[in-house]
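Data block below; observations after.
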Protein chains: 2
Amino acid sequence: MKQIGRIRSSLKNRRDCPFQEKEGAPEAWIEIDPAYADGLYGLDLGDEIIVLTWMHLANRDTLQVRPRGNRENPLKGVFATRSPSRPNPIGIHQTRIIDLDQPLKIKVQALEVVDKTPVVDIKPVI
Amino acid sequence: MKQIGRIRSSLKNRRDCPFQEKEGAPEAWIEIDPAYADGLYGLDLGDEIIVLTWMHLANRDTLQVRPRGNRENPLKGVFATRSPSRPNPIGIHQTRIIDLDQPLKIKVQALEVVDKTPVVDIKPVI
């Protein structure tokens with residue numbers, strides 16, 4: 001897995017992170033590594049994108065969780081939840097480009113991951 | 001990256017694959033490795049899911065493409081396209097569970113990737 005960039009966010013630790021973008025996640029910057037700058041060509045202000053992150057703080061050996069960390073929720077397989085704990089902790093975040101500091105910085109409307117989380121892909125919403 | 005399973009599809013080579021699920025992609029089975037069976041607990045018939053694949057035949061050094069392989073389309077950065085060619089060829093496929101042969105096989109409505117493509121994650125649509 002190649003790291004193409006990283007998230008810069010005001011969320012400095014995991015317990016500050018909302019469970020989903022729609023639950024009050026702040027704006028964030030994506031910093032792209034110079035080696036991948038050519039891959040951004042064609043992304044524009046206002047575009048809806050899917051950002052894929054590698055949630056590096058997650059536990060990769062967990063196969064069942066109680067959703068939202070609530071002990072009253074029954075156990076579920078991680079593939080039936082959006083828990084960051086899973087064999088491959090790939091985060092999928094749908095958001096919108098609200099600023100571009102070309103060629104290497106993209107500001108997005110809402111991201112619920114912690115500062116310095118690696119970014120592994122960006123795709124347009126279709 | 002851990003392989004949690006693989007796709008079994010009637011699509012046997014890349015040139016048979018549609019560009020998107022909605023362009024006539026066939027039903028397919030997802031075979032999960034026994035080590036990850038516990039992670040499926042709670043997935044049900046009819047559930048909408050996002051399947052993440054590792055598109056192992058893609059070129060990982062490509063940073064710009066002409067969308068849909070059409071020479072008349074202008075070059076775009078791979079992060080502004082859904083091309084499988086990209087630094088981390090992670091496929092995102094939204095589909096629906098139409099059959100379950102528990103605990104290790106899931107049939108889905110439409111998948112546009114080639115037979116034997118590795119599966120790296122499954123998430124519910126929320």
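The way I read the labels, and the way they are meant: chains A, B, ... in the order of the structure tokens, residue 1 as the first residue of every chain, and ligand 1 as the first ligand shown, with later ones counted on from there.
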
| said: Residues of chain A were defined as contacting chain B if any atom lay at most 10 Å from it, counting only C-alpha atoms; please report them as an NGL selection string. | reply: :A and (1-4 or 20 or 35-44 or 47 or 49-52 or 60-65 or 74-83 or 86-92 or 120-126)

For the selection you just gave me, I'd like the residues written to a file as an mmCIF file, in the first residue's frame, keeping C-alpha atoms.
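The resulting file, part07.cif, is reproduced below:
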data_model
loop_
_atom_site.group_PDB
_atom_site.id
_atom_site.type_symbol
_atom_site.label_atom_id
_atom_site.label_comp_id
_atom_site.auth_asym_id
_atom_site.auth_seq_id
_atom_site.Cartn_x
_atom_site.Cartn_y
_atom_site.Cartn_z
ATOM 1 C CA MET A 1 0.000 0.000 0.000
ATOM 2 C CA LYS A 2 1.415 3.377 -1.020
ATOM 3 C CA GLN A 3 0.749 6.479 1.055
ATOM 4 C CA ILE A 4 -0.184 9.237 -1.406
ATOM 5 C CA GLN A 20 -19.477 9.657 10.641
ATOM 6 C CA ALA A 35 5.365 12.289 -6.336
ATOM 7 C CA TYR A 36 1.575 11.991 -6.872
ATOM 8 C CA ALA A 37 0.758 15.589 -7.884
ATOM 9 C CA ASP A 38 0.120 14.650 -11.536
ATOM 10 C CA GLY A 39 -2.727 12.392 -10.403
ATOM 11 C CA LEU A 40 -4.767 15.362 -9.170
ATOM 12 C CA TYR A 41 -5.112 16.971 -12.607
ATOM 13 C CA GLY A 42 -8.807 17.583 -13.312
ATOM 14 C CA LEU A 43 -10.039 17.799 -9.715
ATOM 15 C CA ASP A 44 -11.924 21.060 -9.161
ATOM 16 C CA ASP A 47 -16.251 18.335 -6.809
ATOM 17 C CA ILE A 49 -14.974 12.996 -3.953
ATOM 18 C CA ILE A 50 -14.392 9.787 -2.052
ATOM 19 C CA VAL A 51 -11.250 9.908 0.069
ATOM 20 C CA LEU A 52 -9.767 6.556 1.068
ATOM 21 C CA ARG A 60 -6.527 -5.184 12.685
ATOM 22 C CA ASP A 61 -7.187 -8.431 14.580
ATOM 23 C CA THR A 62 -10.760 -7.603 15.639
ATOM 24 C CA LEU A 63 -13.511 -9.519 13.791
ATOM 25 C CA GLN A 64 -16.541 -8.625 15.927
ATOM 26 C CA VAL A 65 -17.498 -5.379 17.679
ATOM 27 C CA PRO A 74 -25.141 -6.792 20.328
ATOM 28 C CA LEU A 75 -21.929 -8.117 18.782
ATOM 29 C CA LYS A 76 -21.670 -7.792 15.013
ATOM 30 C CA GLY A 77 -19.110 -8.930 12.483
ATOM 31 C CA VAL A 78 -16.871 -6.043 11.459
ATOM 32 C CA PHE A 79 -17.953 -6.449 7.809
ATOM 33 C CA ALA A 80 -21.519 -5.620 8.915
ATOM 34 C CA THR A 81 -20.313 -2.385 10.582
ATOM 35 C CA ARG A 82 -18.300 0.726 9.735
ATOM 36 C CA SER A 83 -15.948 0.207 12.687
ATOM 37 C CA ARG A 86 -11.136 -4.624 10.739
ATOM 38 C CA PRO A 87 -8.496 -6.645 8.865
ATOM 39 C CA ASN A 88 -7.778 -3.782 6.448
ATOM 40 C CA PRO A 89 -8.689 -0.475 8.118
ATOM 41 C CA ILE A 90 -9.547 1.404 4.932
ATOM 42 C CA GLY A 91 -11.728 4.430 5.609
ATOM 43 C CA ILE A 92 -14.183 5.603 2.925
ATOM 44 C CA VAL A 120 -4.263 6.022 0.021
ATOM 45 C CA ASP A 121 -6.653 7.049 -2.788
ATOM 46 C CA ILE A 122 -9.054 9.737 -4.035
ATOM 47 C CA LYS A 123 -11.909 8.982 -6.466
ATOM 48 C CA PRO A 124 -14.634 11.168 -7.953
ATOM 49 C CA VAL A 125 -18.239 10.417 -6.974
ATOM 50 C CA ILE A 126 -20.105 9.243 -10.068
#

| message | Among chain A, which ones does DSSP assign to helix (DSSP H, G or I) (computed from the backbone)? Answer as a count of residues only. | response | 16

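CA of Ile97 in chain B is found 6.5 Å from CA of Gln109 in chain B.
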
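Residue nearest Ile32 in chain B within the list B:Leu45, B:Leu100, B:Ala110, B:Leu11: B:Leu100 [criterion: smallest interatomic distance, only C-alpha atoms].
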
| CA of Ser9 in chain B and CA of Asn70 in chain B are how many Å apart? | 25.7 Å

| task | Enumerate the residues of chain B with a DSSP assignment of strand (DSSP E or B), computed from the backbone, and present them as a ChimeraX atom specification. | result | /B:5-9,28-32,48-54,64-65,76-77,90-101,105-108,118-124

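The nearest approach to Pro84 in chain B among the residues B:Val114, B:Val108, B:Gly24, B:Glu48, with only C-alpha atoms taken into account, belongs to B:Val114.
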
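Minimum atom-to-atom distances from B:Ile106, B:Arg68, B:Gln94, B:Trp54 to Pro18 in chain B were compared using only C-alpha atoms, and the lowest value belongs to B:Arg68.
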
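For Glu21 in chain A, the non-local neighbours within 9 Å, defined as residues at least 5 positions apart in the same chain or in other chains and counting only C-alpha atoms, are Pro26, His93, Gln94, Thr95, Ala110, Leu111, Glu112 and Val113 of chain A.
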
Selected residues written out, C-alpha atoms, as an mmCIF file, in the first residue's frame:
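So part_31.cif came out as:
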data_model
loop_
_atom_site.group_PDB
_atom_site.id
_atom_site.type_symbol
_atom_site.label_atom_id
_atom_site.label_comp_id
_atom_site.auth_asym_id
_atom_site.auth_seq_id
_atom_site.Cartn_x
_atom_site.Cartn_y
_atom_site.Cartn_z
ATOM 1 C CA PRO A 26 -14.721 19.375 10.782
ATOM 2 C CA HIS A 93 -15.141 9.253 3.268
ATOM 3 C CA GLN A 94 -17.498 11.025 0.881
ATOM 4 C CA THR A 95 -17.003 14.769 0.970
ATOM 5 C CA ALA A 110 -15.942 17.218 6.423
ATOM 6 C CA LEU A 111 -13.635 14.410 7.483
ATOM 7 C CA GLU A 112 -13.960 12.407 10.693
ATOM 8 C CA VAL A 113 -10.425 11.010 10.921
#

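CA of Ile30 in chain B lies 23.9 Å from CA of Pro67 in chain A.
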